[in-house]
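**Student:** File coords29.cif below, mmCIF, C-alpha atoms:
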```
data_entry
#
loop_
_atom_site.label_atom_id
_atom_site.label_comp_id
_atom_site.auth_asym_id
_atom_site.auth_seq_id
_atom_site.Cartn_x
_atom_site.Cartn_y
_atom_site.Cartn_z
CA MET P 197 -22.19 -16.63 -10.26
CA ALA P 198 -20.41 -14.61 -7.57
CA PRO P 199 -16.69 -13.97 -8.13
CA PRO P 200 -14.25 -15.82 -5.85
CA SER P 201 -13.45 -14.07 -2.59
CA GLY P 202 -10.36 -11.88 -2.50
CA ARG P 203 -9.39 -13.66 0.71
CA THR P 204 -9.34 -17.13 -0.77
CA LEU P 205 -7.48 -16.30 -3.98
CA ALA P 206 -4.47 -14.08 -4.56
CA VAL P 207 -5.86 -10.58 -5.11
CA GLY P 208 -3.54 -9.84 -8.02
CA THR P 209 -4.41 -13.00 -9.94
CA VAL P 210 -8.20 -12.75 -9.95
CA GLU P 211 -8.45 -8.99 -10.22
CA ASN P 212 -5.75 -8.68 -12.85
CA TRP P 213 -7.58 -11.23 -14.96
CA GLN P 214 -10.86 -9.38 -14.51
CA GLU P 215 -9.09 -6.13 -15.25
CA GLN P 216 -7.67 -7.46 -18.51
CA LEU P 217 -11.13 -8.70 -19.52
CA ARG P 218 -12.64 -5.37 -18.61
CA ARG P 219 -9.95 -3.39 -20.45
CA GLY P 220 -10.48 -5.37 -23.64
CA GLY P 221 -14.24 -5.24 -23.27
CA LEU P 222 -14.43 -1.58 -22.36
CA GLU P 223 -12.61 -0.45 -25.45
CA LEU P 224 -14.99 -2.45 -27.64
CA ALA P 225 -17.97 -1.20 -25.63
CA ILE P 226 -16.97 2.43 -26.12
CA LEU P 227 -16.57 1.96 -29.87
CA LEU P 228 -19.99 0.24 -29.98
CA SER P 229 -21.54 3.14 -28.03
CA VAL P 230 -20.65 5.62 -30.74
CA ALA P 231 -21.25 3.25 -33.66
CA ARG P 232 -24.67 4.65 -34.60
CA HIS P 233 -24.30 8.32 -33.75
CA PRO P 234 -21.89 10.67 -31.96
CA ARG P 235 -22.06 10.79 -28.17
CA TYR P 236 -20.26 12.82 -25.51
CA GLY P 237 -18.42 11.33 -22.52
CA LEU P 238 -21.23 11.29 -19.97
CA GLU P 239 -23.69 10.05 -22.60
CA ILE P 240 -21.35 7.11 -23.30
CA ILE P 241 -21.07 6.38 -19.56
CA ASN P 242 -24.86 6.50 -19.14
CA HIS P 243 -25.31 4.23 -22.17
CA LEU P 244 -22.80 1.71 -20.79
CA ASP P 245 -24.36 1.93 -17.31
CA ALA P 246 -27.78 1.20 -18.75
CA LEU P 247 -26.64 -1.92 -20.61
CA THR P 248 -23.57 -3.21 -18.71
CA ASP P 249 -21.60 -2.87 -15.50
CA LEU P 250 -18.33 -2.13 -17.27
CA VAL P 251 -17.86 1.39 -15.93
CA VAL P 252 -16.78 1.27 -12.32
CA THR P 253 -15.10 4.66 -12.00
CA GLU P 254 -16.26 7.26 -14.48
CA GLY P 255 -12.86 8.93 -14.61
CA THR P 256 -11.32 5.93 -16.37
CA ILE P 257 -13.50 6.40 -19.47
CA TYR P 258 -12.00 9.73 -20.52
CA PRO P 259 -8.40 8.51 -20.79
CA ILE P 260 -9.58 5.63 -23.01
CA LEU P 261 -11.57 8.06 -25.18
CA ALA P 262 -8.47 10.27 -25.43
CA ARG P 263 -6.35 7.31 -26.54
CA LEU P 264 -8.91 6.09 -29.10
CA ASN P 265 -9.07 9.67 -30.38
CA ARG P 266 -5.28 9.92 -30.59
CA ASP P 267 -5.06 6.56 -32.38
CA GLY P 268 -7.52 7.81 -35.02
CA TRP P 269 -10.38 5.41 -34.26
CA LEU P 270 -12.55 8.21 -32.92
CA ALA P 271 -12.84 11.83 -33.96
CA SER P 272 -13.95 14.50 -31.53
CA GLU P 273 -15.43 17.98 -31.61
CA TRP P 274 -16.50 20.47 -28.97
CA ARG P 275 -20.10 21.66 -29.23
CA GLU P 276 -21.52 24.55 -27.24
CA GLU P 277 -24.82 23.23 -25.89
CA GLY P 278 -26.84 24.57 -22.98
CA SER P 279 -24.86 25.89 -20.05
CA HIS P 280 -21.58 24.16 -20.84
CA PRO P 281 -19.67 22.71 -23.80
CA ARG P 282 -19.65 19.00 -24.58
CA LYS P 283 -17.00 17.00 -26.41
CA TYR P 284 -18.67 14.65 -28.88
CA TYR P 285 -17.00 11.53 -30.22
CA ARG P 286 -17.79 9.75 -33.46
CA LEU P 287 -16.32 6.71 -35.20
CA THR P 288 -13.90 7.40 -38.04
CA ASP P 289 -13.70 5.12 -41.09
CA ARG P 290 -10.61 3.58 -39.54
CA GLY P 291 -12.50 3.13 -36.28
CA ARG P 292 -15.42 1.48 -38.09
CA THR P 293 -13.07 -1.03 -39.71
CA ARG P 294 -11.45 -1.64 -36.35
CA LEU P 295 -14.85 -2.08 -34.67
CA ALA P 296 -15.93 -4.65 -37.27
CA TYR P 297 -12.69 -6.58 -36.71
CA MET P 298 -13.01 -6.37 -32.92
CA THR P 299 -16.65 -7.47 -32.97
CA ASP P 300 -15.87 -10.51 -35.12
CA SER P 301 -12.86 -11.39 -32.97
CA TRP P 302 -14.88 -11.05 -29.77
CA LYS P 303 -17.68 -13.30 -31.08
CA ASP P 304 -15.18 -15.85 -32.33
CA PHE P 305 -13.26 -15.84 -29.06
CA ALA P 306 -16.42 -16.12 -26.96
CA ALA P 307 -17.72 -18.99 -29.12
CA LYS P 308 -14.45 -20.92 -28.70
CA LEU P 309 -14.41 -20.43 -24.93
CA ASN P 310 -18.07 -21.41 -24.70
CA ARG P 311 -17.29 -24.64 -26.56
CA LEU P 312 -14.50 -25.33 -24.07
CA ILE P 313 -16.79 -24.56 -21.12
CA VAL P 314 -19.49 -26.87 -22.47
CA ALA P 315 -16.89 -29.59 -23.10
CA ALA P 316 -15.44 -29.19 -19.59
CA GLN P 317 -18.88 -29.30 -17.98
CA GLY P 318 -19.68 -32.37 -20.06
CA ASP P 319 -16.46 -34.05 -18.86
CA GLY P 320 -17.36 -33.16 -15.28
CA ASN P 321 -20.81 -34.68 -15.59
CA GLU P 322 -19.39 -37.87 -17.03
CA THR P 323 -17.17 -38.45 -13.99
CA HIS P 324 -20.15 -38.40 -11.60
CA MET U 8 -27.25 23.35 -10.84
CA LYS U 9 -26.12 26.84 -9.90
CA LEU U 10 -23.24 26.42 -7.47
CA THR U 11 -22.30 28.64 -4.55
CA GLU U 12 -18.74 29.93 -4.18
CA THR U 13 -17.95 26.94 -1.90
CA GLY U 14 -19.07 24.47 -4.56
CA GLU U 15 -17.17 26.31 -7.29
CA SER U 16 -14.08 26.37 -5.08
CA ARG U 17 -14.27 22.58 -4.60
CA ILE U 18 -14.43 22.06 -8.37
CA ARG U 19 -11.59 24.52 -8.95
CA GLY U 20 -9.48 22.53 -6.46
CA TYR U 21 -10.23 19.28 -8.29
CA ARG U 22 -9.39 20.92 -11.63
CA PHE U 23 -6.15 22.35 -10.26
CA VAL U 24 -4.83 19.00 -8.98
CA LEU U 25 -5.88 17.20 -12.17
CA ASP U 26 -4.29 19.86 -14.39
CA ARG U 27 -0.99 19.82 -12.49
CA SER U 28 -0.85 16.01 -12.54
CA LEU U 29 -1.66 15.77 -16.25
CA ARG U 30 0.90 18.42 -17.23
CA SER U 31 3.69 16.30 -15.76
CA PHE U 32 3.40 13.86 -18.68
CA LEU U 33 0.97 15.29 -21.27
CA PRO U 34 1.51 18.25 -23.61
CA ARG U 35 -0.06 21.44 -22.23
CA ASP U 36 -2.92 21.62 -24.79
CA ALA U 37 -3.80 17.92 -24.32
CA ALA U 38 -3.87 18.41 -20.53
CA ALA U 39 -6.06 21.52 -20.88
CA ASP U 40 -8.47 19.67 -23.18
CA ALA U 41 -8.71 16.75 -20.75
CA VAL U 42 -9.41 19.08 -17.81
CA ARG U 43 -12.08 20.91 -19.83
CA GLU U 44 -13.75 17.61 -20.65
CA VAL U 45 -13.71 16.43 -17.04
CA GLU U 46 -15.15 19.75 -15.87
CA SER U 47 -17.89 19.47 -18.47
CA HIS U 48 -18.64 15.99 -17.07
CA ILE U 49 -18.83 17.34 -13.51
CA ARG U 50 -21.24 20.14 -14.43
CA GLU U 51 -23.43 17.85 -16.51
CA ARG U 52 -23.58 15.30 -13.67
CA LEU U 53 -24.54 18.03 -11.22
CA ASP U 54 -27.39 19.03 -13.51
CA GLN U 55 -28.55 15.39 -13.56
CA ILE U 56 -28.62 14.92 -9.78
CA GLU U 57 -30.23 18.19 -8.86
CA ALA U 58 -32.69 16.33 -6.63
CA LEU U 59 -30.09 15.78 -3.88
CA PRO U 60 -30.78 17.68 -0.62
CA ASP U 61 -27.73 19.93 -0.58
CA GLU U 62 -25.00 21.16 -2.89
CA ARG U 63 -22.11 19.74 -0.89
CA THR U 64 -23.52 16.19 -1.01
CA ALA U 65 -24.13 16.54 -4.75
CA VAL U 66 -20.62 17.83 -5.52
CA GLU U 67 -18.91 15.23 -3.34
CA ARG U 68 -20.96 12.45 -4.91
CA VAL U 69 -20.12 13.54 -8.44
CA LEU U 70 -16.41 13.85 -7.65
CA ALA U 71 -16.40 10.46 -5.89
CA GLU U 72 -18.00 8.80 -8.91
CA LEU U 73 -15.38 10.39 -11.13
CA GLY U 74 -12.53 9.26 -8.87
CA PRO U 75 -9.78 11.29 -7.15
CA PRO U 76 -7.93 13.63 -9.55
CA LEU U 77 -4.61 11.86 -9.03
CA ARG U 78 -6.22 8.55 -9.96
CA VAL U 79 -7.84 10.03 -13.05
CA ALA U 80 -4.42 11.44 -14.01
CA GLN U 81 -2.89 8.02 -13.41
CA ALA U 82 -5.46 6.47 -15.75
CA TYR U 83 -4.50 9.05 -18.40
CA SER U 84 -0.87 8.15 -17.83
CA HIS U 85 -1.60 4.45 -18.38
CA GLU U 86 -3.66 5.05 -21.50
CA MET U 87 -1.75 7.87 -23.13
CA THR U 88 1.85 7.37 -22.09
CA LEU U 89 2.39 3.74 -21.14
CA ASP U 90 0.15 2.32 -23.83
CA GLU U 91 1.78 4.35 -26.59
CA ALA U 92 5.27 3.43 -25.37
CA ILE U 93 4.45 -0.27 -25.02
CA THR U 94 2.59 -0.66 -28.29
CA THR U 95 4.76 1.51 -30.54
CA GLY U 96 8.17 1.37 -28.81
CA ARG U 97 8.87 4.84 -30.27
CA PHE U 98 11.63 6.84 -28.69
CA VAL U 99 9.66 9.94 -27.56
CA PRO U 100 6.77 8.03 -25.90
CA MET U 101 9.37 5.74 -24.27
CA VAL U 102 11.22 8.75 -22.87
CA ARG U 103 7.92 10.27 -21.62
CA ALA U 104 6.92 7.01 -19.94
CA ILE U 105 10.33 6.52 -18.39
CA TRP U 106 10.38 10.11 -17.15
CA HIS U 107 6.93 9.65 -15.61
CA ALA U 108 8.03 6.40 -13.93
CA ALA U 109 11.26 8.00 -12.68
CA THR U 110 9.42 10.92 -11.11
CA THR U 111 6.67 8.91 -9.44
CA SER U 112 8.39 5.93 -7.77
CA VAL U 113 11.74 4.81 -6.39
CA ILE U 114 11.68 1.62 -8.48
CA GLY U 115 10.88 3.75 -11.52
CA PHE U 116 13.82 6.02 -10.79
CA ALA U 117 16.27 3.11 -10.41
CA TRP U 118 14.92 1.52 -13.58
CA ALA U 119 15.19 4.82 -15.49
CA LEU U 120 18.81 5.08 -14.39
CA LEU U 121 19.53 1.61 -15.81
CA VAL U 122 17.78 2.45 -19.09
CA PHE U 123 19.71 5.72 -19.35
CA THR U 124 22.95 3.79 -18.78
CA GLY U 125 22.01 1.32 -21.52
CA TRP U 126 21.19 4.07 -24.00
CA THR U 127 24.41 5.93 -23.15
CA MET U 128 26.45 2.78 -23.69
CA GLY U 129 24.71 2.13 -27.01
CA VAL U 130 25.27 5.68 -28.25
CA SER U 131 28.93 5.53 -27.12
CA PHE U 132 29.55 2.32 -29.07
CA LEU U 133 27.90 3.81 -32.16
CA ALA U 134 29.98 6.98 -31.81
CA MET U 135 33.15 4.88 -31.52
CA GLY U 136 32.33 3.13 -34.77
CA ALA U 137 31.44 6.34 -36.59
CA LEU U 138 34.38 8.42 -35.34
CA LYS U 139 37.13 5.82 -35.74
CA PRO U 140 38.20 7.08 -39.21
CA ILE U 141 38.54 10.64 -37.85
CA PHE U 142 40.29 9.85 -34.55
CA TYR U 143 42.15 6.75 -35.65
CA ASN U 144 44.71 6.78 -32.80
CA ASN U 145 42.26 7.77 -30.08
CA ILE U 146 39.66 5.02 -30.44
CA GLY U 147 40.18 1.30 -29.81
CA PHE U 148 41.89 -0.99 -27.31
CA PHE U 149 44.80 0.71 -25.61
CA THR U 150 47.96 -0.81 -24.15
CA LEU U 151 50.71 0.94 -22.25
CA ASN U 152 54.06 -0.79 -22.18
CA GLY U 153 52.39 -4.01 -23.26
CA LYS U 154 49.71 -3.94 -20.53
CA PHE U 155 45.99 -3.42 -21.15
CA ARG U 156 45.08 0.23 -20.38
CA GLY U 157 41.51 0.65 -21.54
CA PHE U 158 38.90 0.57 -24.27
CA GLY U 159 36.95 3.34 -25.98
CA PHE U 160 37.81 7.01 -26.63
CA GLU U 161 40.88 8.51 -25.09
CA PHE U 162 42.61 11.80 -25.82
CA GLY U 163 45.96 13.05 -24.48
CA LEU U 164 47.38 9.55 -24.35
CA PRO U 165 50.66 9.19 -22.44
CA ALA U 166 53.81 8.29 -24.35
CA GLY U 167 54.12 4.59 -25.01
CA THR U 168 50.37 4.03 -25.40
CA GLU U 169 49.34 2.06 -28.45
CA ALA U 170 45.86 1.81 -29.99
CA HIS U 171 44.92 -1.67 -31.23
CA GLY U 172 42.13 -3.08 -33.30
CA GLY U 173 42.55 -0.91 -36.39
CA TYR U 174 39.45 -0.51 -38.54
CA TRP U 175 37.99 -3.74 -37.12
CA ILE U 176 36.84 -1.58 -34.23
CA MET U 177 34.26 0.03 -36.54
CA PRO U 178 32.00 -2.98 -37.28
CA ILE U 179 32.49 -4.36 -33.77
CA ALA U 180 31.53 -1.04 -32.12
CA LEU U 181 28.59 -0.45 -34.48
CA LEU U 182 27.29 -3.97 -33.88
CA ALA U 183 27.73 -3.62 -30.12
CA GLY U 184 25.98 -0.23 -30.24
CA VAL U 185 22.98 -1.52 -32.16
CA ALA U 186 22.76 -4.63 -29.97
CA THR U 187 22.92 -2.57 -26.76
CA MET U 188 20.24 -0.16 -28.01
CA VAL U 189 17.93 -2.99 -29.12
CA VAL U 190 18.34 -4.94 -25.87
CA THR U 191 17.79 -1.79 -23.78
CA GLN U 192 14.69 -0.92 -25.80
CA ARG U 193 13.21 -4.42 -25.47
CA ILE U 194 13.88 -4.60 -21.75
CA SER U 195 12.38 -1.11 -21.34
CA ARG U 196 9.17 -2.09 -23.13
CA ARG U 197 8.84 -5.28 -21.11
CA THR U 198 9.43 -3.38 -17.89
CA LEU U 199 6.80 -0.80 -18.84
CA ALA U 200 4.33 -3.60 -19.60
CA TRP U 201 5.13 -5.15 -16.21
CA MET U 202 4.64 -1.79 -14.49
CA ARG U 203 1.27 -1.35 -16.16
CA SER U 204 0.17 -4.85 -15.16
CA ARG U 205 1.12 -4.07 -11.55
CA LYS U 206 -1.04 -0.94 -11.50
CA PRO U 207 -3.61 -1.63 -14.21
CA SER U 208 -6.03 1.20 -13.51
CA ALA U 209 -8.08 3.07 -11.00
CA TRP U 210 -10.55 0.20 -11.02
CA ILE U 211 -8.26 -2.19 -9.16
CA SER U 212 -7.58 0.35 -6.46
CA LEU U 213 -11.28 0.95 -6.00
CA LYS U 214 -12.00 -2.77 -5.66
CA VAL U 215 -9.26 -3.18 -3.06
CA GLU U 216 -10.57 -0.22 -1.07
CA VAL U 217 -14.08 -1.68 -1.05
CA ARG U 218 -12.75 -5.01 0.20
CA GLU U 219 -10.73 -3.32 2.92
CA GLU U 220 -13.93 -1.69 4.15
CA ASP U 221 -15.70 -5.03 4.13
CA ARG U 222 -13.16 -6.54 6.53
#
```
Let me see whether you can do it: turn the structure in this file into structure tokens.
**Tutor:**
Amino acid sequence: MAPPSGRTLAVGTVENWQEQLRRGGLELAILLSVARHPRYGLEIINHLDALTDLVVTEGTIYPILARLNRDGWLASEWREEGSHPRKYYRLTDRGRTRLAYMTDSWKDFAAKLNRLIVAAQGDGNETH
Amino acid sequence: MKLTETGESRIRGYRFVLDRSLRSFLPRDAAADAVREVESHIRERLDQIEALPDERTAVERVLAELGPPLRVAQAYSHEMTLDEAITTGRFVPMVRAIWHAATTSVIGFAWALLVFTGWTMGVSFLAMGALKPIFYNNIGFFTLNGKFRGFGFEFGLPAGTEAHGGYWIMPIALLAGVATMVVTQRISRRTLAWMRSRKPSAWISLKVEVREEDR
């Protein structure tokens, strides 16, 4: 379904809501990207691009990686490969625990909202 | 992709602006690491899109996908400075975030001034409470010839001035100091959260730009 037009709804309202969803989702998506093996920034972006449309501007990924690294959920190391160095990120034990919690929370949250959506659509059908 | 001097110069320019912007709110080594990572991204991307007809198109496309350096720096600011200040409420991240806000917008400057005033008031109250036993006659409520003269610290009092309140000033001043600091801190965190929600990230700006072009 296409998102509502920016002209018909207040720009701040719709886009802020989408932004909050994206922010929450992007953090989880990045942690999931490095769950199985270490990846470097562009590899994470390519992985997310292949499976989602979460990355709109590539430059926003690196600040999130830096924060996750600072918070101890990811660990990083520079590796000299090919013509230029790459900074690889991997999940720490703390990050793995956090990822498990976030994944469960996300599934739980999505299931609850889906129930509400189904209920609302059911109510709508009953009125017709 | 092996770049010509023109291409290298374009990347150096991008690096320079990003580095300068990041250093205004990040420690020097963190800013250098971030710039190194972004440059690595640029060079890797250029290797990936080698099929493009000319170098200039390739470089401009890679930099456009990355976003303008000021916007990338702004995203770092939101993630590294604002987020840490909002989530932890620690003094140093708060000061960093407030400094960044004060140096980047008029509203931020006015707000920083208010926060600074709140912190100064809080520290002054705490100092009053702590120093009362040492400067007994110079801290409290003052009257001159029976009329209210002032409240706080005062040295070189004119003849006839009396200090009131005794040692009761201590708990009152300490309580007022703690309350002022806590209220200032809470308001600061809420204001930072509001500021972040107003400018969530580079993504919003990009969406708005696209819509402007559509019109």
**Student:** Which one of P:Trp213, P:Phe305, P:Tyr297, P:Tyr236 sits closest to Leu270 (chain P) if you count only C-alpha atoms?
**Tutor:** P:Tyr236
**Student:** Using Å and a single decimal, report how far CA of Trp302 (chain P) sits from CA of Arg232 (chain P).
**Tutor:** 19.1 Å
**Student:** Applied to this file, what does the PyMOL selection byres ((chain U) within 6 of (chain P)) return in terms of residues, put as a CSV table (one decimal) with C-alpha atoms, in the coordinates of the input?
**Tutor:**
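Dumped everything to result_0.csv:
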```csv
chain,number,residue,atom,x,y,z
U,72,GLU,CA,-18.0,8.8,-8.9
U,73,LEU,CA,-15.4,10.4,-11.1
U,74,GLY,CA,-12.5,9.3,-8.9
U,79,VAL,CA,-7.8,10.0,-13.0
U,82,ALA,CA,-5.5,6.5,-15.8
U,83,TYR,CA,-4.5,9.0,-18.4
U,86,GLU,CA,-3.7,5.0,-21.5
U,87,MET,CA,-1.8,7.9,-23.1
```
**Student:** As an exercise, work out the distance from CA of Glu277 (chain P) to CA of Ala39 (chain U) in Å and give it to one decimal place.
**Tutor:**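 Those two atoms sit 19.5 Å apart.
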**Student:** Where does the PyMOL selection byres ((chain U and resi 16-24) around 10) land in this file, that is, which residues does it pick, as a list in words?
**Tutor:**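 Output of the PyMOL selection byres ((chain U and resi 16-24) around 10): Leu10, Thr11, Glu12, Thr13, Gly14, Glu15, Leu25, Asp26, Arg27, Ser28, Leu29, Ala39, Val42, Arg43, Val45, Glu46, Ile49, Arg50, Arg63, Val66, Glu67, Leu70, Pro75, Pro76, Leu77 and Ala80 of chain U.
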**Student:** Write out the residues from the selection above, keeping C-alpha atoms, as a PDB file, keeping the file's coordinate frame.
**Tutor:**
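Output saved as result25.pdb:
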```pdb
ATOM      1  CA  LEU U  10     -23.240  26.420  -7.470  1.00  0.00           C
ATOM      2  CA  THR U  11     -22.300  28.640  -4.550  1.00  0.00           C
ATOM      3  CA  GLU U  12     -18.740  29.930  -4.180  1.00  0.00           C
ATOM      4  CA  THR U  13     -17.950  26.940  -1.900  1.00  0.00           C
ATOM      5  CA  GLY U  14     -19.070  24.470  -4.560  1.00  0.00           C
ATOM      6  CA  GLU U  15     -17.170  26.310  -7.290  1.00  0.00           C
ATOM      7  CA  LEU U  25      -5.880  17.200 -12.170  1.00  0.00           C
ATOM      8  CA  ASP U  26      -4.290  19.860 -14.390  1.00  0.00           C
ATOM      9  CA  ARG U  27      -0.990  19.820 -12.490  1.00  0.00           C
ATOM     10  CA  SER U  28      -0.850  16.010 -12.540  1.00  0.00           C
ATOM     11  CA  LEU U  29      -1.660  15.770 -16.250  1.00  0.00           C
ATOM     12  CA  ALA U  39      -6.060  21.520 -20.880  1.00  0.00           C
ATOM     13  CA  VAL U  42      -9.410  19.080 -17.810  1.00  0.00           C
ATOM     14  CA  ARG U  43     -12.080  20.910 -19.830  1.00  0.00           C
ATOM     15  CA  VAL U  45     -13.710  16.430 -17.040  1.00  0.00           C
ATOM     16  CA  GLU U  46     -15.150  19.750 -15.870  1.00  0.00           C
ATOM     17  CA  ILE U  49     -18.830  17.340 -13.510  1.00  0.00           C
ATOM     18  CA  ARG U  50     -21.240  20.140 -14.430  1.00  0.00           C
ATOM     19  CA  ARG U  63     -22.110  19.740  -0.890  1.00  0.00           C
ATOM     20  CA  VAL U  66     -20.620  17.830  -5.520  1.00  0.00           C
ATOM     21  CA  GLU U  67     -18.910  15.230  -3.340  1.00  0.00           C
ATOM     22  CA  LEU U  70     -16.410  13.850  -7.650  1.00  0.00           C
ATOM     23  CA  PRO U  75      -9.780  11.290  -7.150  1.00  0.00           C
ATOM     24  CA  PRO U  76      -7.930  13.630  -9.550  1.00  0.00           C
ATOM     25  CA  LEU U  77      -4.610  11.860  -9.030  1.00  0.00           C
ATOM     26  CA  ALA U  80      -4.420  11.440 -14.010  1.00  0.00           C
TER      27      ALA U  80
END
```
**Student:** Could you jot down the CA of Arg275 (chain P) to CA of Ser47 (chain U) separation for me, Å, one decimal place?
**Tutor:**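 Taking CA of Arg275 (chain P) as the start and CA of Ser47 (chain U) as the end point, the length is 11.2 Å.
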**Student:** Check the smallest atom-to-atom distance from each of U:Val190, U:Leu181, U:Ile146, U:Ala37 to Leu164 (chain U) using all atoms listed in the file, then report the winner.
**Tutor:** U:Ile146
**Student:** Let me make sure I understand: among U:Ile179, U:Ile93, U:Ala170, U:Ala134, which one has the smallest atom-to-atom distance to Leu151 (chain U) if we use only C-alpha atoms?
**Tutor:**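 Using only C-alpha atoms, the shortest distance to Leu151 (chain U) belongs to U:Ala170.
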**Student:** List the residues matched by the PyMOL selection byres ((chain U and resi 131) around 10) in the displayed structure as a list in words, ordered by chain and then by residue number.
**Tutor:** Gly125, Trp126, Thr127, Met128, Gly129, Val130, Phe132, Leu133, Ala134, Met135, Gly136, Ala137, Gly159, Phe160, Ala180, Leu181, Ala183 and Gly184 of chain U
**Student:** Could you pull out every residue with an atom within 6 Å of (9.9, 5.0, -14.7), file coordinates, counting all atoms listed in the file, and send them as a list in words?
**Tutor:**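 These residues have at least one counted atom within 6 Å: Ile105, Trp106, His107, Ala108, Ala109, Gly115, Phe116 and Ala119 of chain U.
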**Student:** Distance cut-off 12 Å, centre (-17.0, -2.4, -36.5) in file coordinates, counting only C-alpha atoms: which residues qualify? Return them as a list in words.
**Tutor:**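 Here is the list of nearby residues: Leu224, Ala225, Ile226, Leu227, Leu228, Ser229, Val230, Ala231, Arg232, Trp269, Leu287, Thr288, Asp289, Arg290, Gly291, Arg292, Thr293, Arg294, Leu295, Ala296, Tyr297, Met298, Thr299, Asp300, Ser301 and Trp302 of chain P.
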**Student:** Rank nothing, just name the residue among U:Gly153, U:Gly173, U:Gly96, U:Gly163 nearest to Lys139 (chain U), using all atoms listed in the file.
**Tutor:**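 Answer, going by the shortest atom-to-atom distance: U:Gly173.
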**Student:** Excluding Arg196 (chain U) and its own-chain neighbours fewer than 4 positions away, which residues fall within 9 Å of it when counting all atoms listed in the file? Please give them as a short mmCIF file (atom, residue, chain, number, x, y, z; two decimals) with C-alpha atoms, keeping the file's coordinate frame.
**Tutor:**
```cif
data_model
loop_
_atom_site.label_atom_id
_atom_site.label_comp_id
_atom_site.auth_asym_id
_atom_site.auth_seq_id
_atom_site.Cartn_x
_atom_site.Cartn_y
_atom_site.Cartn_z
CA ALA U 92 5.27 3.43 -25.37
CA ILE U 93 4.45 -0.27 -25.02
CA THR U 94 2.59 -0.66 -28.29
CA GLY U 96 8.17 1.37 -28.81
CA MET U 101 9.37 5.74 -24.27
CA THR U 191 17.79 -1.79 -23.78
CA GLN U 192 14.69 -0.92 -25.80
CA ALA U 200 4.33 -3.60 -19.60
CA TRP U 201 5.13 -5.15 -16.21
#
```
